[in-house]
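Colleague: My structure is stored as protein-v1.txt, with compact mmCIF, C-alpha atoms and all ligand atoms.
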```txt
# COMPACT_ATOMS: atom_id res chain seq x y z
CA MET S 1313 25.20 11.49 33.65
CA LYS S 1314 27.89 8.78 33.65
CA THR S 1315 30.48 8.15 30.94
CA LEU S 1316 32.02 4.73 30.29
CA TYR S 1317 34.50 3.43 27.76
CA LEU S 1318 33.75 0.44 25.52
CA PRO S 1319 36.73 -1.01 23.61
CA GLN S 1320 35.98 -1.79 19.93
CA ILE S 1321 36.70 -5.51 20.41
CA LYS S 1322 33.92 -5.70 23.03
CA ILE S 1323 31.14 -4.25 20.88
CA GLY S 1324 30.11 -7.78 19.84
CA ALA S 1325 29.84 -8.87 23.48
CA PHE S 1326 27.65 -5.84 24.24
CA LEU S 1327 25.36 -6.51 21.25
CA SER S 1328 25.04 -10.13 22.26
CA HIS S 1329 24.06 -9.03 25.78
CA LEU S 1330 21.42 -6.68 24.29
CA THR S 1331 19.86 -9.47 22.24
CA ASN S 1332 19.02 -11.17 25.56
CA MET S 1333 17.06 -8.07 26.61
CA GLY S 1334 14.88 -7.56 23.53
CA ILE S 1335 14.76 -7.54 19.74
CA VAL S 1336 17.75 -5.49 18.56
CA TYR S 1337 17.72 -3.53 15.30
CA ALA S 1338 20.99 -2.11 13.94
CA PRO S 1339 22.38 -0.83 10.61
CA HIS S 1340 23.34 -3.49 8.03
CA LYS S 1341 24.75 -3.15 4.52
CA LYS S 1342 22.20 -3.50 1.70
CA GLY S 1343 23.53 -4.01 -1.82
CA ASP S 1344 26.69 -2.16 -2.87
CA ALA S 1345 26.00 1.29 -1.51
CA SER S 1346 22.97 1.30 0.81
CA PHE S 1347 22.38 0.63 4.48
CA THR S 1348 19.29 -0.51 6.30
CA PHE S 1349 18.16 -1.19 9.87
CA GLU S 1350 17.61 -4.95 10.31
CA THR S 1351 17.22 -7.40 13.19
CA VAL S 1352 20.63 -8.31 14.59
CA LYS S 1353 21.34 -11.98 14.02
CA SER S 1354 25.10 -11.86 13.76
CA MET S 1355 27.47 -9.13 14.95
CA LYS S 1356 29.58 -9.44 11.80
CA ASP S 1357 26.68 -8.04 9.71
CA VAL S 1358 26.29 -4.88 11.81
CA ILE S 1359 27.89 -1.73 10.33
CA LEU S 1360 28.24 1.14 12.80
CA ASP S 1361 30.13 3.51 10.49
CA TYR S 1362 27.46 4.41 7.94
CA PRO S 1363 26.32 7.71 6.37
CA ARG S 1364 22.53 7.11 6.52
CA THR S 1365 20.13 4.21 6.02
CA LEU S 1366 17.80 4.19 2.99
CA ASN S 1367 14.69 4.05 5.20
CA SER S 1368 14.73 5.43 8.71
CA ILE S 1369 13.61 3.52 11.81
CA LYS S 1370 10.15 5.03 11.20
CA LYS S 1371 9.32 1.75 9.41
CA TYR S 1372 9.22 -0.06 12.79
CA PHE S 1373 6.64 2.32 14.29
CA LEU S 1374 4.67 3.03 11.12
CA PRO S 1375 5.11 -0.02 8.83
CA PRO S 1376 4.77 0.62 5.05
CA LYS S 1377 1.66 -1.60 5.12
CA GLU S 1378 -0.28 -2.85 8.13
CA GLN S 1379 -3.68 -4.25 8.94
CA LEU S 1380 -5.65 -2.06 11.35
CA MET S 1381 -8.63 -4.37 11.87
CA SER S 1382 -10.70 -7.13 10.36
CA PHE S 1383 -14.49 -7.13 10.06
CA SER S 1384 -17.31 -9.56 9.47
CA MET S 1385 -20.70 -8.80 7.97
CA GLU S 1386 -21.96 -12.15 9.33
CA ASP S 1387 -22.18 -10.92 12.92
CA TYR S 1388 -21.38 -7.23 12.28
CA SER S 1389 -18.19 -7.50 14.37
CA ILE S 1390 -14.83 -5.81 14.13
CA THR S 1391 -11.56 -7.06 15.59
CA GLN S 1392 -8.76 -4.59 16.11
CA ASN S 1393 -5.23 -5.87 15.62
CA GLU S 1394 -3.28 -6.75 18.78
CA LEU S 1395 -1.09 -4.07 20.27
CA TYR S 1396 2.65 -4.53 19.99
CA LYS S 1397 4.26 -5.53 23.29
CA SER S 1398 7.85 -6.69 22.56
CA GLU S 1399 10.88 -4.88 23.97
CA ILE S 1400 12.79 -3.36 21.06
CA ILE S 1401 16.28 -1.86 21.15
CA PHE S 1402 17.59 0.36 18.36
CA PHE S 1403 21.37 0.29 18.21
CA GLY S 1404 23.46 2.83 16.28
CA VAL S 1405 20.87 5.54 15.57
CA HIS S 1406 22.02 9.00 14.35
CA SER S 1407 20.80 12.10 16.19
CA TYR S 1408 18.63 13.39 13.28
CA ASP S 1409 16.73 10.07 13.12
CA MET S 1410 16.10 10.19 16.88
CA GLN S 1411 14.74 13.71 16.50
CA ALA S 1412 12.51 12.50 13.64
CA VAL S 1413 11.00 9.84 15.91
CA MET S 1414 10.27 12.55 18.49
CA LYS S 1415 8.51 14.59 15.83
CA LEU S 1416 6.39 11.58 14.83
CA ASP S 1417 5.56 11.11 18.53
CA TYR S 1418 4.05 14.59 18.42
CA ASN S 1419 2.11 13.88 15.21
CA PHE S 1420 0.65 10.61 16.48
CA SER S 1421 -0.21 11.93 19.97
CA GLN S 1422 -2.29 14.92 18.85
CA GLY S 1423 -6.09 14.69 18.66
CA ASN S 1424 -6.99 11.00 18.84
CA PRO S 1425 -3.71 9.37 19.95
CA GLU S 1426 -2.86 6.63 17.43
CA ARG S 1427 -2.77 3.29 19.29
CA ASN S 1428 -0.67 1.25 16.84
CA TYR S 1429 2.15 3.77 16.56
CA LEU S 1430 2.18 4.55 20.28
CA SER S 1431 2.13 0.91 21.42
CA ARG S 1432 5.21 0.15 19.28
CA ARG S 1433 6.91 3.26 20.57
CA GLU S 1434 6.24 2.50 24.24
CA ASN S 1435 8.66 -0.40 24.62
CA SER S 1436 11.55 0.99 22.62
CA THR S 1437 15.06 1.87 23.75
CA PHE S 1438 17.47 3.96 21.71
CA ILE S 1439 21.25 3.75 21.58
CA GLY S 1440 22.69 6.62 19.56
CA ILE S 1441 26.02 6.86 17.77
CA SER S 1442 28.03 9.78 16.36
CA PHE S 1443 28.56 10.10 12.59
CA THR S 1444 30.65 12.07 10.14
CA PRO S 1445 28.44 14.42 8.07
CA ASP S 1446 28.71 13.86 4.30
CA GLU S 1447 27.76 16.14 1.39
CA TYR S 1448 24.01 15.59 1.99
CA HIS S 1449 23.60 15.96 5.77
CA PHE S 1450 22.52 19.42 6.96
CA SER S 1451 20.94 18.67 10.33
CA ARG S 1452 23.03 21.42 12.00
CA SER S 1453 21.07 23.93 9.86
CA VAL S 1454 17.82 22.75 11.46
CA GLY S 1455 19.19 22.80 15.00
CA ILE S 1456 20.38 19.17 15.35
CA THR S 1457 24.06 18.56 16.01
CA VAL S 1458 25.81 15.18 15.57
CA GLU S 1459 26.18 14.98 19.35
CA GLU S 1460 22.52 15.83 20.21
CA THR S 1461 21.58 13.20 22.83
CA ASP S 1462 17.92 14.13 23.43
CA GLY S 1463 15.74 10.99 23.20
CA PHE S 1464 18.59 8.48 23.60
CA ASP S 1465 19.13 6.10 26.52
CA LEU S 1466 22.81 5.61 25.68
CA PHE S 1467 25.03 7.54 23.27
CA LEU S 1468 28.23 6.15 21.73
CA ASP S 1469 30.88 8.52 20.47
CA ARG S 1470 33.52 6.85 18.35
CA THR S 1471 37.18 7.20 19.33
CA ASN S 1472 40.22 5.62 17.62
CA ASP S 1473 39.89 2.22 19.27
CA GLY S 1474 36.47 2.16 20.91
CA TYR S 1475 33.54 4.27 22.09
CA ASN S 1476 32.88 6.76 24.86
CA VAL S 1477 29.46 5.73 26.11
CA THR S 1478 27.24 8.31 27.83
CA VAL S 1479 24.54 6.85 30.05
CA LEU S 1480 21.50 9.15 29.73
CA THR S 1481 18.57 7.35 31.38
CA ASP S 1482 17.80 4.64 33.95
CA ARG S 1483 16.97 2.33 31.05
CA GLY S 1484 20.42 3.03 29.60
CA ALA S 1485 21.99 2.25 32.99
CA ASP S 1486 20.15 -1.12 33.02
CA LEU S 1487 21.70 -2.00 29.67
CA VAL S 1488 25.29 -1.51 30.84
CA ASN S 1489 24.85 -2.82 34.41
CA ASN S 1490 27.16 -5.71 35.39
CA GLN S 1491 28.91 -5.69 32.00
CA SER S 1492 32.56 -5.89 33.08
CA TYR S 1493 33.98 -4.79 29.69
CA PHE S 1494 32.77 -1.20 30.29
CA MET S 1495 35.45 0.92 31.95
CA GLU S 1496 34.78 3.99 34.07
CA THR S 1497 36.13 7.16 32.48
CA ALA S 1498 36.04 10.89 33.12
CA THR S 1499 33.11 12.79 31.54
CA CYS S 1500 34.07 13.37 27.92
CA GLU S 1501 33.36 16.29 25.63
CA ILE S 1502 32.01 15.12 22.30
CA PRO S 1503 33.80 17.20 19.63
CA ASN S 1504 31.62 19.34 17.36
CA GLN S 1505 31.38 17.94 13.82
CA GLN S 1506 31.46 20.30 10.85
CA PHE S 1507 28.71 20.23 8.21
CA HIS S 1508 29.55 21.11 4.58
CA ASN S 1509 25.92 21.29 3.45
CA LYS S 1510 24.04 24.27 4.91
CA ILE S 1511 20.79 26.18 4.72
CA LYS S 1512 21.64 29.84 4.28
CA TYR S 1513 19.19 31.27 6.82
CA ASN S 1514 18.83 30.37 10.45
CA TYR S 1515 15.95 27.89 10.58
CA ASN S 1516 13.85 30.06 12.88
CA ARG S 1517 13.69 32.71 10.13
CA LEU S 1518 12.46 30.32 7.44
CA PRO S 1519 8.72 30.75 8.21
CA GLU S 1520 9.26 34.46 7.47
CA VAL S 1521 10.80 33.52 4.09
CA PHE S 1522 7.93 31.12 3.36
CA ASP S 1523 5.41 33.88 4.06
CA GLN S 1524 6.70 35.59 0.88
CA VAL S 1525 7.59 32.89 -1.65
CA TRP S 1526 4.23 31.22 -2.40
CA ASN S 1527 4.31 32.55 -5.99
CA SER S 1528 8.04 32.07 -6.54
CA PRO S 1529 9.24 30.92 -10.00
CA VAL S 1530 11.41 28.39 -8.12
CA TRP S 1531 8.43 25.99 -7.85
CA ASP S 1532 8.08 25.72 -11.63
CA GLN S 1533 11.84 25.48 -12.11
CA VAL S 1534 12.06 22.56 -9.67
CA ALA S 1535 8.96 20.92 -11.14
CA ALA S 1536 10.56 20.99 -14.61
CA LYS S 1537 13.15 18.48 -13.35
CA CYS S 1538 10.93 16.46 -10.99
CA VAL S 1539 9.34 13.22 -12.24
CA GLY S 1540 6.81 12.91 -9.38
CA CYS S 1541 8.10 9.51 -8.24
CA GLY S 1542 7.44 10.21 -4.53
CA THR S 1543 10.80 8.78 -3.39
CA CYS S 1544 11.48 11.95 -1.38
CA ASN S 1545 8.32 11.32 0.68
CA LEU S 1546 8.91 7.62 1.16
CA VAL S 1547 12.48 7.96 2.47
CA CYS S 1548 11.72 10.99 4.67
CA PRO S 1549 11.81 10.13 8.40
CA THR S 1550 9.24 12.84 9.24
CA CYS S 1551 6.71 12.14 6.45
CA TYR S 1552 3.83 10.19 7.96
CA CYS S 1553 0.92 10.39 5.48
CA PHE S 1554 -0.93 7.17 4.82
CA ASN S 1555 -3.89 5.84 2.90
CA VAL S 1556 -6.59 3.59 4.39
CA ASP S 1557 -8.37 0.94 2.27
CA ASP S 1558 -10.88 -1.77 3.04
CA GLU S 1559 -10.28 -5.10 1.34
CA VAL S 1560 -13.29 -7.42 1.10
CA ASP S 1561 -12.82 -11.19 0.79
CA LEU S 1562 -14.31 -13.11 -2.15
CA ASP S 1563 -17.20 -14.31 0.08
CA LEU S 1564 -18.22 -10.62 0.39
CA LYS S 1565 -18.85 -11.23 4.11
CA ASN S 1566 -15.43 -10.69 5.70
CA GLY S 1567 -12.63 -8.27 5.12
CA SER S 1568 -9.89 -6.15 6.60
CA ARG S 1569 -8.81 -2.52 6.80
CA GLN S 1570 -5.26 -1.75 5.69
CA ARG S 1571 -3.06 1.29 6.10
CA THR S 1572 -0.29 1.98 3.56
CA TRP S 1573 2.23 4.80 3.21
CA ASP S 1574 1.26 7.59 0.85
CA GLY S 1575 3.16 10.67 -0.31
CA CYS S 1576 2.17 14.21 -1.30
CA MET S 1577 4.43 14.12 -4.39
CA LEU S 1578 2.30 11.36 -5.91
CA ASN S 1579 -0.30 12.47 -8.45
CA ASN S 1580 -3.29 10.83 -6.74
CA PHE S 1581 -2.50 12.07 -3.24
CA ALA S 1582 -4.86 15.05 -3.43
CA ALA S 1583 -7.34 13.46 -5.85
CA VAL S 1584 -10.95 13.33 -4.64
CA ALA S 1585 -14.27 11.98 -5.89
CA GLY S 1586 -15.58 13.63 -9.06
CA GLY S 1587 -12.19 13.63 -10.74
CA GLU S 1588 -10.90 16.74 -8.95
CA ASN S 1589 -7.31 17.04 -7.78
CA PHE S 1590 -6.33 19.79 -5.38
CA ARG S 1591 -2.65 19.67 -6.38
CA LYS S 1592 -2.57 18.63 -10.01
CA SER S 1593 0.78 20.13 -10.98
CA LEU S 1594 4.22 19.03 -9.81
CA ALA S 1595 4.99 22.65 -8.87
CA GLU S 1596 2.03 22.70 -6.45
CA ARG S 1597 3.10 19.37 -5.00
CA GLN S 1598 6.71 20.48 -4.52
CA ARG S 1599 5.52 23.63 -2.81
CA HIS S 1600 3.29 21.64 -0.50
CA ARG S 1601 6.13 19.22 0.39
CA ILE S 1602 8.53 22.02 1.29
CA TYR S 1603 5.90 24.10 3.15
CA ARG S 1604 5.10 21.02 5.26
CA LYS S 1605 8.74 20.89 6.33
CA PHE S 1606 9.42 24.58 6.99
CA LYS S 1607 6.14 26.45 7.42
CA TYR S 1608 2.85 24.70 8.22
CA ILE S 1609 3.90 22.55 11.20
CA THR S 1610 6.60 25.04 12.17
CA ASP S 1611 3.94 27.73 12.67
CA VAL S 1612 2.29 25.45 15.26
CA THR S 1613 5.31 23.87 16.99
CA GLY S 1614 8.07 26.47 16.44
CA GLU S 1615 10.33 23.78 14.92
CA PRO S 1616 11.17 22.82 11.34
CA TRP S 1617 9.69 19.40 10.44
CA CYS S 1618 12.81 18.51 8.47
CA VAL S 1619 15.71 16.95 10.41
CA GLY S 1620 18.37 17.50 7.74
CA CYS S 1621 19.10 13.82 7.08
CA GLY S 1622 19.66 14.51 3.37
CA ARG S 1623 17.75 11.38 2.24
CA CYS S 1624 15.36 13.21 -0.10
CA THR S 1625 18.34 14.69 -1.95
CA ALA S 1626 20.62 11.65 -1.85
CA TYR S 1627 17.91 9.35 -3.26
CA CYS S 1628 16.06 11.80 -5.55
CA THR S 1629 15.60 10.33 -9.03
CA ALA S 1630 16.16 13.76 -10.61
CA ASP S 1631 19.01 15.08 -8.44
CA ILE S 1632 16.85 17.73 -6.76
CA SER S 1633 18.33 19.16 -3.57
CA ILE S 1634 16.10 20.40 -0.75
CA VAL S 1635 18.89 22.65 0.54
CA ASP S 1636 19.23 24.19 -2.91
CA ILE S 1637 15.45 24.84 -3.07
CA VAL S 1638 15.39 26.51 0.36
CA ASN S 1639 18.51 28.58 -0.40
CA ARG S 1640 17.11 29.76 -3.75
CA LEU S 1641 13.86 30.79 -2.04
CA SER S 1642 15.84 32.59 0.67
CA GLU S 1643 17.87 34.47 -1.94
CA GLU S 1644 14.70 35.49 -3.75
CA TYR S 1645 13.17 36.65 -0.46
CA GLU S 1646 16.29 38.65 0.28
CA GLN S 1647 16.30 40.33 -3.11
CA ASN S 1648 12.59 41.06 -3.30
CA HIS S 1649 11.71 41.88 0.27
CA LEU S 1650 14.58 42.35 2.69
CA GLN S 1651 16.77 44.72 0.70
CA LYS S 1652 13.79 46.93 -0.14
CA GLN S 1653 12.93 47.21 3.55
CA SER S 1654 16.40 47.56 5.04
CA PRO S 1655 19.68 47.30 3.15
CA HIS S 1656 21.44 46.71 6.51
CA ILE S 1657 19.92 43.30 7.22
CA LEU S 1658 22.56 40.76 6.37
CA HIS S 1659 22.56 37.02 5.86
CA GLU S 1660 22.59 34.72 8.83
CA PHE S 1661 25.25 32.31 7.82
CA GLU S 1662 26.37 29.67 10.28
S1 LIG F 1701 12.33 12.16 -5.38
FE1 LIG F 1701 12.91 13.87 -6.71
S2 LIG F 1701 11.95 13.39 -8.71
FE2 LIG F 1701 10.94 12.07 -7.18
S3 LIG F 1701 9.12 13.28 -6.54
FE3 LIG F 1701 10.77 13.78 -5.08
S4 LIG F 1701 11.75 15.64 -5.93
FE4 LIG F 1701 10.50 14.71 -7.59
S1 LIG F 1702 12.76 16.66 4.04
FE1 LIG F 1702 14.55 15.54 3.24
S2 LIG F 1702 16.28 16.18 4.52
FE2 LIG F 1702 14.38 16.81 5.58
S3 LIG F 1702 13.96 15.11 6.98
FE3 LIG F 1702 12.82 14.68 5.09
S4 LIG F 1702 14.21 13.41 3.86
FE4 LIG F 1702 15.43 14.33 5.49
```
The structure in this file should be written as structure tokens.

Modeller:
Amino acid sequence: MKTLYLPQIKIGAFLSHLTNMGIVYAPHKKGDASFTFETVKSMKDVILDYPRTLNSIKKYFLPPKEQLMSFSMEDYSITQNELYKSEIIFFGVHSYDMQAVMKLDYNFSQGNPERNYLSRRENSTFIGISFTPDEYHFSRSVGITVEETDGFDLFLDRTNDGYNVTVLTDRGADLVNNQSYFMETATCEIPNQQFHNKIKYNYNRLPEVFDQVWNSPVWDQVAAKCVGCGTCNLVCPTCYCFNVDDEVDLDLKNGSRQRTWDGCMLNNFAAVAGGENFRKSLAERQRHRIYRKFKYITDVTGEPWCVGCGRCTAYCTADISIVDIVNRLSEEYEQNHLQKQSPHILHEFE
């Protein structure tokens, strides 16, 4: 592993070099207070010091709406959409969003591997950057530090007047090769960043909590505030549910199949033919959302399926905090189950 130094004034030269190697996506300002990943057209629009983007880079691998195939009833043919082949470079990605992409890789590789997602993923390169946790981030509580480099090809850690750049893969080495503005430097230690927002229990004990809180009053209490808008699903970098619809042209002979994002907090998500709905109430939908993050997939993979980005809390229409929900459930578990069994078992605070 090699470490280089990139002075702040040379970041534009590096970005310009990258745009010759592929399509580069980086964080840009959107409106007064939001940030979004966009194609880099001008260095002056790129913002590297940002708390989080509204949508994660998931949108490039799993677009909000995409055509999967077209069909014709004239000759009974189907045409699948072309696979994505362009080189894409993500610049300035935070560690929790990188980990979210790796979780989606798992989801889309199981069973029948999903060709659209995986073809977009194949030609992508990731350049990470450190960040300062704000009041919503809690990725440390789910095992992801600011300086986690897994998945990245290069990682930039901000210093006062530039960046320490860790080269992590051969692809990363290709990106910095022959760029004279990089200076050799001794291997650097990336300082540990403190998180103010925390889940009370160690994440590997949460499935044990979720074994006991299915009937908790917390679900109704949260549902009383929730308006069922589905924003928490749509901004989540590890939510990947979608709906598939066929659209038939007016000639009734040709048409196409579309995939669009869906979300388990939306009323129709679990609706089926005959007017039934498996999760009619907001309390049931909240419970399902949180169990998907800390229990169902965790039981299979051993990892929480939440990366602690804080988006679902920061953008919630009703000011509902996922950390608060999990901590209230943990407290209830502690009161109802742990203390009865053994008064000596104490909290696992970080
Ligand atoms: S964003 Fe907030 S209000 Fe909207 S569905 Fe999610 S928890 Fe409910
Ligand atoms: S559940 Fe919330 S905090 Fe966790 S990854 Fe999704 S949006 Fe981020």

Colleague: Which neighbours of stretch 1475-1488 of chain S fall inside 9 Å, counting all atoms listed in the file, when residues of the same chain fewer than 6 positions from it are skipped, and could you give them as a PyMOL selection string?

Modeller: chain S and resi 1313-1320+1323+1326+1329-1330+1333+1437-1439+1461-1469+1494+1497+1499-1500+1502

Colleague: Quick one: of S:Leu1641, S:Val1539, S:Val1560, S:Val1612, who's nearest to ligand LIG 1701 (chain F), counting only C-alpha atoms and all ligand atoms?

Modeller: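 Between S:Leu1641, S:Val1539, S:Val1560, S:Val1612, the residue approaching ligand LIG 1701 (chain F) most closely is S:Val1539.
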
Colleague: Kindly provide, as a list of chain:residue names, all nucleotide and amino acid residues lying within 6 Å of ligand LIG 1702 (chain F), counting all atoms listed in the file.

Modeller: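 Within the 6 Å cut-off, the matching residues are S:Val1547, S:Cys1548, S:Pro1549, S:Thr1550, S:Cys1618, S:Val1619, S:Gly1620, S:Cys1621, S:Gly1622, S:Arg1623, S:Cys1624.
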
Colleague: Can you tell me, as a VMD selection string, what residues are no more than 9 Å from stretch 1576-1589 of chain S when counting all atoms listed in the file, ignoring any on the same chain fewer than 3 positions away?

Modeller: chain S and resid 1540 to 1545 1553 1555 1592 to 1594 1597 to 1598 1600 to 1601

Colleague: Edge lengths and centre in Å to one decimal, as JSON, is what I'm after for the box along x, y and z that holds all listed atoms of stretch 1368-1380 of chain S once 6 Å is added on each side.

Modeller:
```
{"center_x": 4.5, "center_y": 0.6, "center_z": 9.7, "size_x": 32.4, "size_y": 21.7, "size_z": 21.2}
```

Colleague: Counting all atoms listed in the file, which residue out of S:Gly1440, S:Gly1567, S:Gly1334, S:Pro1425 sits closest to S:Leu1380?

Modeller: S:Gly1567

Colleague: Rank nothing, just name the residue among S:Asn1639, S:Thr1613, S:Ser1451, S:Ser1431 nearest to S:Lys1512, using only C-alpha atoms.

Modeller: S:Asn1639
